[in-house]
>>> print(open('structure_15.cif').read())   # mmCIF, N, CA and C atoms and all ligand atoms
data_start
#
loop_
_atom_site.label_atom_id
_atom_site.label_comp_id
_atom_site.auth_asym_id
_atom_site.auth_seq_id
_atom_site.Cartn_x
_atom_site.Cartn_y
_atom_site.Cartn_z
N MET A 1206 81.41 -121.74 70.55
CA MET A 1206 81.30 -121.07 71.86
C MET A 1206 81.96 -121.93 72.92
N ASP A 1207 82.67 -121.28 73.84
CA ASP A 1207 83.31 -122.08 74.88
C ASP A 1207 82.28 -122.53 75.92
N LYS A 1208 82.57 -123.69 76.51
CA LYS A 1208 81.62 -124.32 77.43
C LYS A 1208 81.31 -123.43 78.64
N GLN A 1209 82.32 -122.70 79.08
CA GLN A 1209 82.13 -121.82 80.25
C GLN A 1209 81.06 -120.76 79.98
N THR A 1210 81.11 -120.18 78.79
CA THR A 1210 80.11 -119.16 78.43
C THR A 1210 78.73 -119.80 78.28
N VAL A 1211 78.69 -120.97 77.64
CA VAL A 1211 77.41 -121.67 77.47
C VAL A 1211 76.80 -121.96 78.85
N GLN A 1212 77.61 -122.45 79.77
CA GLN A 1212 77.08 -122.80 81.09
C GLN A 1212 76.64 -121.57 81.88
N LYS A 1213 77.36 -120.46 81.69
CA LYS A 1213 76.95 -119.21 82.34
C LYS A 1213 75.58 -118.77 81.81
N MET A 1214 75.42 -118.91 80.48
CA MET A 1214 74.13 -118.54 79.87
C MET A 1214 73.01 -119.45 80.35
N ILE A 1215 73.31 -120.74 80.49
CA ILE A 1215 72.29 -121.69 80.98
C ILE A 1215 71.90 -121.31 82.41
N ASP A 1216 72.88 -121.03 83.25
CA ASP A 1216 72.60 -120.65 84.65
C ASP A 1216 71.71 -119.41 84.70
N LEU A 1217 72.03 -118.41 83.86
CA LEU A 1217 71.25 -117.16 83.86
C LEU A 1217 69.82 -117.40 83.35
N ALA A 1218 69.69 -118.25 82.32
CA ALA A 1218 68.35 -118.56 81.79
C ALA A 1218 67.53 -119.29 82.85
N ILE A 1219 68.14 -120.26 83.53
CA ILE A 1219 67.43 -121.00 84.58
C ILE A 1219 67.02 -120.04 85.71
N GLY A 1220 67.88 -119.08 86.01
CA GLY A 1220 67.59 -118.10 87.06
C GLY A 1220 66.35 -117.27 86.76
N GLN A 1221 66.02 -117.14 85.47
CA GLN A 1221 64.86 -116.35 85.07
C GLN A 1221 63.53 -117.07 85.31
N LEU A 1222 63.58 -118.40 85.45
CA LEU A 1222 62.34 -119.17 85.60
C LEU A 1222 61.53 -118.69 86.79
N ALA A 1223 62.22 -118.29 87.85
CA ALA A 1223 61.54 -117.83 89.06
C ALA A 1223 60.78 -116.53 88.82
N PHE A 1224 61.21 -115.75 87.84
CA PHE A 1224 60.57 -114.45 87.57
C PHE A 1224 59.44 -114.55 86.55
N SER A 1225 59.34 -115.68 85.83
CA SER A 1225 58.33 -115.76 84.78
C SER A 1225 56.95 -115.61 85.41
N TYR A 1226 56.08 -114.90 84.69
CA TYR A 1226 54.72 -114.62 85.18
C TYR A 1226 53.76 -115.46 84.36
N VAL A 1227 53.35 -116.61 84.92
CA VAL A 1227 52.62 -117.61 84.13
C VAL A 1227 51.35 -118.13 84.82
N PRO A 1228 50.45 -117.22 85.21
CA PRO A 1228 49.25 -117.68 85.92
C PRO A 1228 48.32 -118.52 85.05
N TYR A 1229 48.47 -118.48 83.72
CA TYR A 1229 47.53 -119.16 82.83
C TYR A 1229 48.06 -120.50 82.33
N SER A 1230 49.31 -120.55 81.91
CA SER A 1230 49.85 -121.81 81.39
C SER A 1230 50.66 -122.59 82.43
N GLY A 1231 51.24 -121.89 83.38
CA GLY A 1231 52.13 -122.56 84.33
C GLY A 1231 53.44 -123.00 83.69
N PHE A 1232 53.63 -122.64 82.42
CA PHE A 1232 54.83 -123.04 81.67
C PHE A 1232 55.88 -121.93 81.78
N ARG A 1233 56.92 -122.20 82.56
CA ARG A 1233 57.94 -121.16 82.81
C ARG A 1233 59.05 -121.24 81.77
N VAL A 1234 59.42 -120.08 81.23
CA VAL A 1234 60.51 -120.03 80.24
C VAL A 1234 61.49 -118.94 80.67
N GLY A 1235 62.78 -119.26 80.52
CA GLY A 1235 63.83 -118.29 80.82
C GLY A 1235 64.78 -118.20 79.64
N ALA A 1236 65.35 -117.03 79.42
CA ALA A 1236 66.28 -116.84 78.30
C ALA A 1236 67.44 -115.95 78.73
N SER A 1237 68.58 -116.16 78.08
CA SER A 1237 69.72 -115.25 78.26
C SER A 1237 70.29 -114.99 76.88
N LEU A 1238 70.60 -113.75 76.61
CA LEU A 1238 70.99 -113.30 75.27
C LEU A 1238 72.37 -112.64 75.34
N LEU A 1239 73.29 -113.21 74.58
CA LEU A 1239 74.68 -112.74 74.58
C LEU A 1239 74.91 -111.76 73.43
N THR A 1240 75.41 -110.57 73.75
CA THR A 1240 75.70 -109.58 72.71
C THR A 1240 77.11 -109.81 72.17
N GLU A 1241 77.39 -109.19 71.02
CA GLU A 1241 78.74 -109.29 70.43
C GLU A 1241 79.80 -108.79 71.39
N SER A 1242 79.42 -107.79 72.21
CA SER A 1242 80.41 -107.21 73.12
C SER A 1242 80.59 -108.03 74.41
N GLY A 1243 79.80 -109.10 74.55
CA GLY A 1243 79.99 -109.99 75.69
C GLY A 1243 79.02 -109.75 76.84
N LYS A 1244 78.12 -108.78 76.68
CA LYS A 1244 77.14 -108.52 77.73
C LYS A 1244 75.98 -109.51 77.61
N ILE A 1245 75.39 -109.90 78.72
CA ILE A 1245 74.27 -110.85 78.67
C ILE A 1245 73.01 -110.20 79.24
N TYR A 1246 71.95 -110.22 78.43
CA TYR A 1246 70.63 -109.75 78.86
C TYR A 1246 69.76 -110.97 79.13
N THR A 1247 68.86 -110.85 80.11
CA THR A 1247 68.01 -111.99 80.46
C THR A 1247 66.55 -111.64 80.18
N GLY A 1248 65.71 -112.69 80.16
CA GLY A 1248 64.27 -112.47 79.97
C GLY A 1248 63.47 -113.66 80.45
N CYS A 1249 62.21 -113.39 80.78
CA CYS A 1249 61.28 -114.46 81.16
C CYS A 1249 59.97 -114.23 80.41
N ASN A 1250 59.12 -115.26 80.37
CA ASN A 1250 57.82 -115.04 79.74
C ASN A 1250 56.88 -114.33 80.70
N ILE A 1251 56.03 -113.48 80.11
CA ILE A 1251 55.12 -112.63 80.88
C ILE A 1251 53.74 -112.76 80.26
N GLU A 1252 52.85 -113.48 80.95
CA GLU A 1252 51.52 -113.74 80.38
C GLU A 1252 50.53 -112.63 80.72
N ASN A 1253 49.34 -112.73 80.09
CA ASN A 1253 48.34 -111.70 80.25
C ASN A 1253 46.95 -112.32 80.24
N ALA A 1254 46.04 -111.77 81.03
CA ALA A 1254 44.67 -112.29 81.10
C ALA A 1254 43.97 -112.24 79.74
N SER A 1255 44.44 -111.34 78.88
CA SER A 1255 43.88 -111.24 77.54
C SER A 1255 44.65 -112.11 76.52
N TYR A 1256 45.53 -112.93 77.05
CA TYR A 1256 46.32 -113.94 76.30
C TYR A 1256 47.27 -113.40 75.23
N THR A 1257 46.72 -112.70 74.20
CA THR A 1257 47.61 -112.34 73.08
C THR A 1257 48.74 -111.37 73.46
N PRO A 1258 48.59 -110.51 74.47
CA PRO A 1258 49.74 -109.66 74.82
C PRO A 1258 50.89 -110.41 75.48
N THR A 1259 50.74 -111.71 75.71
CA THR A 1259 51.81 -112.50 76.33
C THR A 1259 53.13 -112.31 75.59
N ASN A 1260 54.18 -112.11 76.35
CA ASN A 1260 55.51 -111.97 75.74
C ASN A 1260 56.40 -113.15 76.14
N CYS A 1261 57.00 -113.77 75.13
CA CYS A 1261 57.89 -114.91 75.39
C CYS A 1261 59.20 -114.44 76.04
N ALA A 1262 59.85 -115.36 76.70
CA ALA A 1262 61.12 -115.06 77.37
C ALA A 1262 62.17 -114.52 76.40
N GLU A 1263 62.24 -115.11 75.21
CA GLU A 1263 63.24 -114.69 74.22
C GLU A 1263 63.02 -113.24 73.81
N ARG A 1264 61.75 -112.91 73.55
CA ARG A 1264 61.47 -111.53 73.12
C ARG A 1264 61.68 -110.56 74.26
N THR A 1265 61.39 -110.96 75.48
CA THR A 1265 61.68 -110.07 76.61
C THR A 1265 63.16 -109.74 76.62
N ALA A 1266 64.01 -110.75 76.44
CA ALA A 1266 65.47 -110.52 76.45
C ALA A 1266 65.87 -109.62 75.28
N PHE A 1267 65.35 -109.90 74.09
CA PHE A 1267 65.70 -109.07 72.92
C PHE A 1267 65.25 -107.62 73.12
N PHE A 1268 64.03 -107.45 73.59
CA PHE A 1268 63.50 -106.08 73.70
C PHE A 1268 64.22 -105.31 74.81
N LYS A 1269 64.59 -106.00 75.87
CA LYS A 1269 65.40 -105.33 76.90
C LYS A 1269 66.71 -104.84 76.28
N ALA A 1270 67.35 -105.73 75.53
CA ALA A 1270 68.68 -105.41 74.96
C ALA A 1270 68.58 -104.30 73.92
N VAL A 1271 67.63 -104.44 72.99
CA VAL A 1271 67.52 -103.44 71.92
C VAL A 1271 67.15 -102.08 72.51
N SER A 1272 66.32 -102.10 73.55
CA SER A 1272 65.93 -100.82 74.18
C SER A 1272 67.07 -100.18 74.95
N GLU A 1273 68.15 -100.93 75.14
CA GLU A 1273 69.35 -100.38 75.79
C GLU A 1273 70.43 -100.05 74.75
N GLY A 1274 70.06 -100.15 73.48
CA GLY A 1274 71.00 -99.74 72.42
C GLY A 1274 71.76 -100.87 71.77
N GLU A 1275 71.50 -102.12 72.17
CA GLU A 1275 72.22 -103.27 71.58
C GLU A 1275 71.61 -103.62 70.22
N ARG A 1276 72.46 -103.98 69.29
CA ARG A 1276 71.97 -104.38 67.97
C ARG A 1276 72.67 -105.63 67.43
N LYS A 1277 73.76 -106.04 68.10
CA LYS A 1277 74.53 -107.17 67.58
C LYS A 1277 74.57 -108.29 68.61
N PHE A 1278 74.15 -109.47 68.16
CA PHE A 1278 74.00 -110.58 69.09
C PHE A 1278 74.71 -111.84 68.60
N LYS A 1279 75.20 -112.61 69.57
CA LYS A 1279 75.94 -113.84 69.25
C LYS A 1279 75.10 -115.09 69.48
N ALA A 1280 74.37 -115.10 70.60
CA ALA A 1280 73.69 -116.34 70.98
C ALA A 1280 72.57 -116.08 71.97
N ILE A 1281 71.61 -117.02 71.98
CA ILE A 1281 70.56 -116.98 73.01
C ILE A 1281 70.44 -118.37 73.61
N CYS A 1282 70.19 -118.43 74.91
CA CYS A 1282 69.93 -119.71 75.57
C CYS A 1282 68.47 -119.68 76.04
N VAL A 1283 67.77 -120.78 75.80
CA VAL A 1283 66.36 -120.87 76.20
C VAL A 1283 66.14 -122.14 77.01
N VAL A 1284 65.46 -121.99 78.14
CA VAL A 1284 65.07 -123.16 78.95
C VAL A 1284 63.60 -122.99 79.32
N GLY A 1285 62.91 -124.10 79.52
CA GLY A 1285 61.52 -123.95 79.93
C GLY A 1285 60.86 -125.28 80.21
N GLY A 1286 59.78 -125.22 80.99
CA GLY A 1286 59.02 -126.43 81.27
C GLY A 1286 57.84 -126.13 82.17
N ALA A 1287 56.90 -127.06 82.20
CA ALA A 1287 55.73 -126.92 83.06
C ALA A 1287 56.20 -126.80 84.51
N ASP A 1288 55.69 -125.81 85.21
CA ASP A 1288 56.06 -125.51 86.60
C ASP A 1288 57.56 -125.28 86.76
N GLY A 1289 58.23 -124.97 85.66
CA GLY A 1289 59.67 -124.68 85.73
C GLY A 1289 60.54 -125.92 85.84
N VAL A 1290 59.94 -127.09 85.60
CA VAL A 1290 60.73 -128.34 85.63
C VAL A 1290 61.23 -128.62 84.21
N LEU A 1291 62.54 -128.74 84.06
CA LEU A 1291 63.14 -128.82 82.72
C LEU A 1291 63.34 -130.28 82.30
N THR A 1292 62.31 -130.84 81.68
CA THR A 1292 62.38 -132.24 81.26
C THR A 1292 62.70 -132.38 79.77
N ALA A 1293 62.47 -131.32 78.99
CA ALA A 1293 62.71 -131.35 77.54
C ALA A 1293 63.16 -129.97 77.09
N TYR A 1294 63.71 -129.88 75.89
CA TYR A 1294 64.08 -128.57 75.36
C TYR A 1294 62.83 -127.75 75.08
N ALA A 1295 62.94 -126.45 75.33
CA ALA A 1295 61.86 -125.51 75.00
C ALA A 1295 62.32 -124.73 73.76
N GLN A 1296 61.83 -125.12 72.61
CA GLN A 1296 62.25 -124.48 71.36
C GLN A 1296 61.57 -123.12 71.21
N PRO A 1297 62.29 -122.14 70.69
CA PRO A 1297 61.68 -120.83 70.46
C PRO A 1297 60.49 -120.92 69.50
N CYS A 1298 59.44 -120.20 69.79
CA CYS A 1298 58.27 -120.18 68.91
C CYS A 1298 58.60 -119.43 67.62
N GLY A 1299 57.72 -119.53 66.65
CA GLY A 1299 57.95 -118.90 65.35
C GLY A 1299 58.11 -117.39 65.43
N VAL A 1300 57.32 -116.77 66.29
CA VAL A 1300 57.40 -115.30 66.42
C VAL A 1300 58.77 -114.91 66.96
N CYS A 1301 59.27 -115.64 67.94
CA CYS A 1301 60.59 -115.32 68.51
C CYS A 1301 61.70 -115.57 67.47
N ARG A 1302 61.56 -116.63 66.68
CA ARG A 1302 62.56 -116.88 65.61
C ARG A 1302 62.57 -115.70 64.64
N GLN A 1303 61.41 -115.16 64.35
CA GLN A 1303 61.31 -114.03 63.43
C GLN A 1303 61.97 -112.78 64.03
N VAL A 1304 61.82 -112.58 65.33
CA VAL A 1304 62.48 -111.44 65.99
C VAL A 1304 64.00 -111.62 65.93
N MET A 1305 64.46 -112.85 66.12
CA MET A 1305 65.90 -113.14 65.99
C MET A 1305 66.38 -112.78 64.59
N MET A 1306 65.55 -113.13 63.58
CA MET A 1306 65.88 -112.89 62.17
C MET A 1306 66.09 -111.40 61.89
N GLU A 1307 65.42 -110.56 62.65
CA GLU A 1307 65.51 -109.11 62.45
C GLU A 1307 66.89 -108.58 62.84
N PHE A 1308 67.48 -109.18 63.89
CA PHE A 1308 68.70 -108.61 64.45
C PHE A 1308 69.94 -109.49 64.30
N CYS A 1309 69.76 -110.72 63.83
CA CYS A 1309 70.88 -111.67 63.87
C CYS A 1309 71.17 -112.25 62.49
N ASP A 1310 72.42 -112.62 62.30
CA ASP A 1310 72.82 -113.32 61.08
C ASP A 1310 72.41 -114.80 61.24
N PRO A 1311 71.49 -115.28 60.40
CA PRO A 1311 71.00 -116.65 60.57
C PRO A 1311 72.09 -117.72 60.45
N ASP A 1312 73.16 -117.40 59.70
CA ASP A 1312 74.25 -118.39 59.52
C ASP A 1312 75.10 -118.55 60.78
N THR A 1313 75.15 -117.51 61.59
CA THR A 1313 76.08 -117.57 62.74
C THR A 1313 75.42 -117.49 64.11
N PHE A 1314 74.20 -116.94 64.18
CA PHE A 1314 73.56 -116.78 65.49
C PHE A 1314 73.25 -118.15 66.09
N GLN A 1315 73.66 -118.35 67.34
CA GLN A 1315 73.54 -119.65 68.00
C GLN A 1315 72.35 -119.69 68.95
N ILE A 1316 71.60 -120.77 68.88
CA ILE A 1316 70.47 -120.96 69.80
C ILE A 1316 70.78 -122.17 70.66
N ILE A 1317 70.94 -121.92 71.95
CA ILE A 1317 71.30 -122.98 72.89
C ILE A 1317 70.04 -123.46 73.59
N LEU A 1318 69.71 -124.73 73.43
CA LEU A 1318 68.57 -125.33 74.14
C LEU A 1318 69.14 -126.22 75.22
N ALA A 1319 68.62 -126.09 76.43
CA ALA A 1319 69.21 -126.83 77.54
C ALA A 1319 68.14 -127.36 78.50
N THR A 1320 68.50 -128.43 79.18
CA THR A 1320 67.68 -128.87 80.32
C THR A 1320 68.46 -128.75 81.62
N ASP A 1321 69.77 -128.75 81.52
CA ASP A 1321 70.62 -128.38 82.66
C ASP A 1321 71.99 -128.00 82.12
N ARG A 1322 72.94 -127.67 83.01
CA ARG A 1322 74.20 -127.10 82.51
C ARG A 1322 75.10 -128.12 81.81
N GLU A 1323 74.73 -129.39 81.89
CA GLU A 1323 75.49 -130.42 81.16
C GLU A 1323 74.75 -130.94 79.94
N GLN A 1324 73.44 -130.74 79.92
CA GLN A 1324 72.63 -131.28 78.81
C GLN A 1324 72.11 -130.13 77.94
N TYR A 1325 72.81 -129.92 76.82
CA TYR A 1325 72.38 -128.85 75.92
C TYR A 1325 72.76 -129.17 74.48
N GLU A 1326 72.09 -128.50 73.55
CA GLU A 1326 72.42 -128.61 72.13
C GLU A 1326 72.37 -127.22 71.52
N ILE A 1327 73.24 -127.01 70.53
CA ILE A 1327 73.33 -125.68 69.92
C ILE A 1327 72.95 -125.76 68.45
N PHE A 1328 72.07 -124.86 68.04
CA PHE A 1328 71.60 -124.79 66.66
C PHE A 1328 71.85 -123.38 66.13
N THR A 1329 71.98 -123.25 64.80
CA THR A 1329 72.02 -121.90 64.24
C THR A 1329 70.58 -121.44 64.00
N LEU A 1330 70.43 -120.13 63.87
CA LEU A 1330 69.09 -119.61 63.54
C LEU A 1330 68.63 -120.16 62.19
N LYS A 1331 69.58 -120.33 61.26
CA LYS A 1331 69.22 -120.86 59.94
C LYS A 1331 68.63 -122.27 60.04
N GLU A 1332 69.16 -123.06 60.97
CA GLU A 1332 68.61 -124.41 61.15
C GLU A 1332 67.18 -124.34 61.68
N MET A 1333 66.93 -123.37 62.53
CA MET A 1333 65.61 -123.27 63.17
C MET A 1333 64.62 -122.47 62.35
N LEU A 1334 65.15 -121.64 61.44
CA LEU A 1334 64.26 -120.83 60.59
C LEU A 1334 64.83 -120.82 59.17
N PRO A 1335 64.71 -121.96 58.46
CA PRO A 1335 65.26 -122.01 57.10
C PRO A 1335 64.52 -121.02 56.19
N MET A 1336 65.27 -120.40 55.29
CA MET A 1336 64.69 -119.47 54.31
C MET A 1336 63.89 -118.36 54.99
N GLY A 1337 64.40 -117.88 56.12
CA GLY A 1337 63.68 -116.84 56.86
C GLY A 1337 63.63 -115.53 56.09
N PHE A 1338 62.58 -114.80 56.35
CA PHE A 1338 62.40 -113.46 55.74
C PHE A 1338 62.96 -112.44 56.71
N GLY A 1339 63.88 -111.61 56.21
CA GLY A 1339 64.51 -110.65 57.12
C GLY A 1339 64.78 -109.32 56.47
N PRO A 1340 65.51 -108.45 57.16
CA PRO A 1340 65.80 -107.10 56.66
C PRO A 1340 66.40 -107.10 55.26
N LYS A 1341 67.19 -108.13 54.93
CA LYS A 1341 67.84 -108.18 53.61
C LYS A 1341 66.81 -108.25 52.48
N ASN A 1342 65.67 -108.87 52.75
CA ASN A 1342 64.62 -108.96 51.73
C ASN A 1342 64.05 -107.60 51.34
N LEU A 1343 64.19 -106.64 52.25
CA LEU A 1343 63.64 -105.31 51.98
C LEU A 1343 64.73 -104.32 51.56
N ALA A 1344 65.97 -104.82 51.45
CA ALA A 1344 67.07 -103.93 51.06
C ALA A 1344 66.85 -103.44 49.62
N ALA A 1345 67.27 -102.20 49.35
CA ALA A 1345 67.01 -101.54 48.07
C ALA A 1345 67.50 -102.38 46.88
N GLU A 1346 68.66 -103.05 47.04
CA GLU A 1346 69.24 -103.77 45.91
C GLU A 1346 68.43 -104.98 45.47
N VAL A 1347 67.56 -105.52 46.32
CA VAL A 1347 66.74 -106.67 45.88
C VAL A 1347 65.37 -106.23 45.36
N ARG A 1348 65.12 -104.93 45.45
CA ARG A 1348 63.81 -104.46 44.97
C ARG A 1348 63.84 -104.07 43.51
N1 LIG A 1401 56.83 -119.29 75.54
C1 LIG A 1401 58.03 -118.65 75.60
O1 LIG A 1401 58.30 -117.89 76.55
N2 LIG A 1401 58.91 -118.84 74.60
C2 LIG A 1401 58.65 -119.60 73.50
O2 LIG A 1401 59.41 -119.54 72.53
C3 LIG A 1401 57.53 -120.52 73.49
C4 LIG A 1401 56.44 -120.16 74.45
C5 LIG A 1401 55.85 -119.07 76.61
C6 LIG A 1401 54.65 -118.29 76.20
C7 LIG A 1401 53.63 -118.73 77.23
O3 LIG A 1401 53.78 -117.91 78.38
C8 LIG A 1401 54.04 -120.14 77.58
O4 LIG A 1401 55.36 -120.29 77.10
C9 LIG A 1401 53.16 -121.21 76.99
O5 LIG A 1401 53.02 -121.03 75.62
#
>>> encode(input="structure_15.cif", output="structure tokens")
Amino acid sequence: MDKQTVQKMIDLAIGQLAFSYVPYSGFRVGASLLTESGKIYTGCNIENASYTPTNCAERTAFFKAVSEGERKFKAICVVGGADGVLTAYAQPCGVCRQVMMEFCDPDTFQIILATDREQYEIFTLKEMLPMGFGPKNLAAEVR
């Protein structure tokens, strides 16, 4: 991925921190999701008084995109920290990795973790979710 696109995604993810709804944890997370066609969807975490309905920033971005007809994705950028201060990488939780597995090729889908537009690292989904269970496991030919 070219640095310009990575930095644009980091800027958009950071921009989402202000929208995150985090009255319980105070931990703000922002995400930006790049489609194959070059469109970028954003997301923030949205907490709930009943806790379990909380939606992570990554899934907000995925569900926004899929609900608009998108199915092919290239990369996601995730940033997060207590009170929105980015001191360390905010790695996607297991549930979000599983949602990525549903729509993305683990060998090629890129996960960008950043603390600012100069400090970032890129991982594949396969690195973050080795031996993941996905749609291919349910394909007719493996049954
Ligand atoms: N969170 C995310 O938004 N993404 C993740 O992948 C990890 C966790 C949110 C959920 C909750 O609002 C807060 O961070 C603390 O867990």
>>> residues_near_ligand(input="structure_15.cif", ligand="ligand LIG 1401 (chain A)", cutoff="9 Å", atoms="only C-alpha atoms and all ligand atoms", output="ChimeraX atom specification")
/A:1225-1236,1248-1253,1256,1259-1265,1283-1287,1295-1302
>>> select_by_dssp(input="structure_15.cif", residues="chain A", states="strand (DSSP E)", output="compact mmCIF listing (two decimals) with N, CA and C atoms, in the coordinates of the input")
# COMPACT_ATOMS: atom_id res chain seq x y z
N PHE A 1232 53.63 -122.64 82.42
CA PHE A 1232 54.83 -123.04 81.67
C PHE A 1232 55.88 -121.93 81.78
N ARG A 1233 56.92 -122.20 82.56
CA ARG A 1233 57.94 -121.16 82.81
C ARG A 1233 59.05 -121.24 81.77
N VAL A 1234 59.42 -120.08 81.23
CA VAL A 1234 60.51 -120.03 80.24
C VAL A 1234 61.49 -118.94 80.67
N GLY A 1235 62.78 -119.26 80.52
CA GLY A 1235 63.83 -118.29 80.82
C GLY A 1235 64.78 -118.20 79.64
N ALA A 1236 65.35 -117.03 79.42
CA ALA A 1236 66.28 -116.84 78.30
C ALA A 1236 67.44 -115.95 78.73
N SER A 1237 68.58 -116.16 78.08
CA SER A 1237 69.72 -115.25 78.26
C SER A 1237 70.29 -114.99 76.88
N LEU A 1238 70.60 -113.75 76.61
CA LEU A 1238 70.99 -113.30 75.27
C LEU A 1238 72.37 -112.64 75.34
N LEU A 1239 73.29 -113.21 74.58
CA LEU A 1239 74.68 -112.74 74.58
C LEU A 1239 74.91 -111.76 73.43
N THR A 1240 75.41 -110.57 73.75
CA THR A 1240 75.70 -109.58 72.71
C THR A 1240 77.11 -109.81 72.17
N ILE A 1245 75.39 -109.90 78.72
CA ILE A 1245 74.27 -110.85 78.67
C ILE A 1245 73.01 -110.20 79.24
N TYR A 1246 71.95 -110.22 78.43
CA TYR A 1246 70.63 -109.75 78.86
C TYR A 1246 69.76 -110.97 79.13
N THR A 1247 68.86 -110.85 80.11
CA THR A 1247 68.01 -111.99 80.46
C THR A 1247 66.55 -111.64 80.18
N GLY A 1248 65.71 -112.69 80.16
CA GLY A 1248 64.27 -112.47 79.97
C GLY A 1248 63.47 -113.66 80.45
N CYS A 1249 62.21 -113.39 80.78
CA CYS A 1249 61.28 -114.46 81.16
C CYS A 1249 59.97 -114.23 80.41
N PHE A 1278 74.15 -109.47 68.16
CA PHE A 1278 74.00 -110.58 69.09
C PHE A 1278 74.71 -111.84 68.60
N LYS A 1279 75.20 -112.61 69.57
CA LYS A 1279 75.94 -113.84 69.25
C LYS A 1279 75.10 -115.09 69.48
N ALA A 1280 74.37 -115.10 70.60
CA ALA A 1280 73.69 -116.34 70.98
C ALA A 1280 72.57 -116.08 71.97
N ILE A 1281 71.61 -117.02 71.98
CA ILE A 1281 70.56 -116.98 73.01
C ILE A 1281 70.44 -118.37 73.61
N CYS A 1282 70.19 -118.43 74.91
CA CYS A 1282 69.93 -119.71 75.57
C CYS A 1282 68.47 -119.68 76.04
N VAL A 1283 67.77 -120.78 75.80
CA VAL A 1283 66.36 -120.87 76.20
C VAL A 1283 66.14 -122.14 77.01
N VAL A 1284 65.46 -121.99 78.14
CA VAL A 1284 65.07 -123.16 78.95
C VAL A 1284 63.60 -122.99 79.32
N GLY A 1285 62.91 -124.10 79.52
CA GLY A 1285 61.52 -123.95 79.93
C GLY A 1285 60.86 -125.28 80.21
N GLY A 1286 59.78 -125.22 80.99
CA GLY A 1286 59.02 -126.43 81.27
C GLY A 1286 57.84 -126.13 82.17
N ALA A 1287 56.90 -127.06 82.20
CA ALA A 1287 55.73 -126.92 83.06
C ALA A 1287 56.20 -126.80 84.51
N GLN A 1315 73.66 -118.35 67.34
CA GLN A 1315 73.54 -119.65 68.00
C GLN A 1315 72.35 -119.69 68.95
N ILE A 1316 71.60 -120.77 68.88
CA ILE A 1316 70.47 -120.96 69.80
C ILE A 1316 70.78 -122.17 70.66
N ILE A 1317 70.94 -121.92 71.95
CA ILE A 1317 71.30 -122.98 72.89
C ILE A 1317 70.04 -123.46 73.59
N LEU A 1318 69.71 -124.73 73.43
CA LEU A 1318 68.57 -125.33 74.14
C LEU A 1318 69.14 -126.22 75.22
N ALA A 1319 68.62 -126.09 76.43
CA ALA A 1319 69.21 -126.83 77.54
C ALA A 1319 68.14 -127.36 78.50
N TYR A 1325 72.81 -129.92 76.82
CA TYR A 1325 72.38 -128.85 75.92
C TYR A 1325 72.76 -129.17 74.48
N GLU A 1326 72.09 -128.50 73.55
CA GLU A 1326 72.42 -128.61 72.13
C GLU A 1326 72.37 -127.22 71.52
N ILE A 1327 73.24 -127.01 70.53
CA ILE A 1327 73.33 -125.68 69.92
C ILE A 1327 72.95 -125.76 68.45
N PHE A 1328 72.07 -124.86 68.04
CA PHE A 1328 71.60 -124.79 66.66
C PHE A 1328 71.85 -123.38 66.13
N THR A 1329 71.98 -123.25 64.80
CA THR A 1329 72.02 -121.90 64.24
C THR A 1329 70.58 -121.44 64.00
>>> residues_near_point(input="structure_15.cif", point="(70.8, -125.4, 77.8)", cutoff="8 Å", atoms="all atoms listed in the file", output="count of residues only")
21
>>> atom_distance(input="structure_15.cif", atom1="atom N of Gln1315 in chain A", atom2="atom N of Ala1280 in chain A")
4.7 Å
>>> closest_residue(input="structure_15.cif", among="A:Phe1278, A:Glu1332, A:Gly1337, A:Glu1273", to="Glu1241 in chain A", atoms="all atoms listed in the file")
A:Phe1278
>>> atom_distance(input="structure_15.cif", atom1="CA of Arg1276 in chain A", atom2="CA of Tyr1246 in chain A")
12.2 Å
>>> atom_distance(input="structure_15.cif", atom1="CA of Ser1237 in chain A", atom2="CA of Leu1343 in chain A")
28.7 Å
>>> closest_residue(input="structure_15.cif", among="A:Thr1313, A:Thr1329, A:Thr1240, A:Gln1209", to="Glu1275 in chain A", atoms="all atoms listed in the file")
A:Thr1240
>>> select_by_dssp(input="structure_15.cif", residues="chain A", states="alpha helix (DSSP H)", output="VMD selection string")
chain A and resid 1208 to 1221 1262 to 1271 1299 to 1308 1330 to 1333
>>> closest_residue(input="structure_15.cif", among="A:Gln1303, A:Thr1210, A:Pro1311, A:Thr1292", to="Lys1331 in chain A", atoms="only N, CA and C atoms")
A:Pro1311
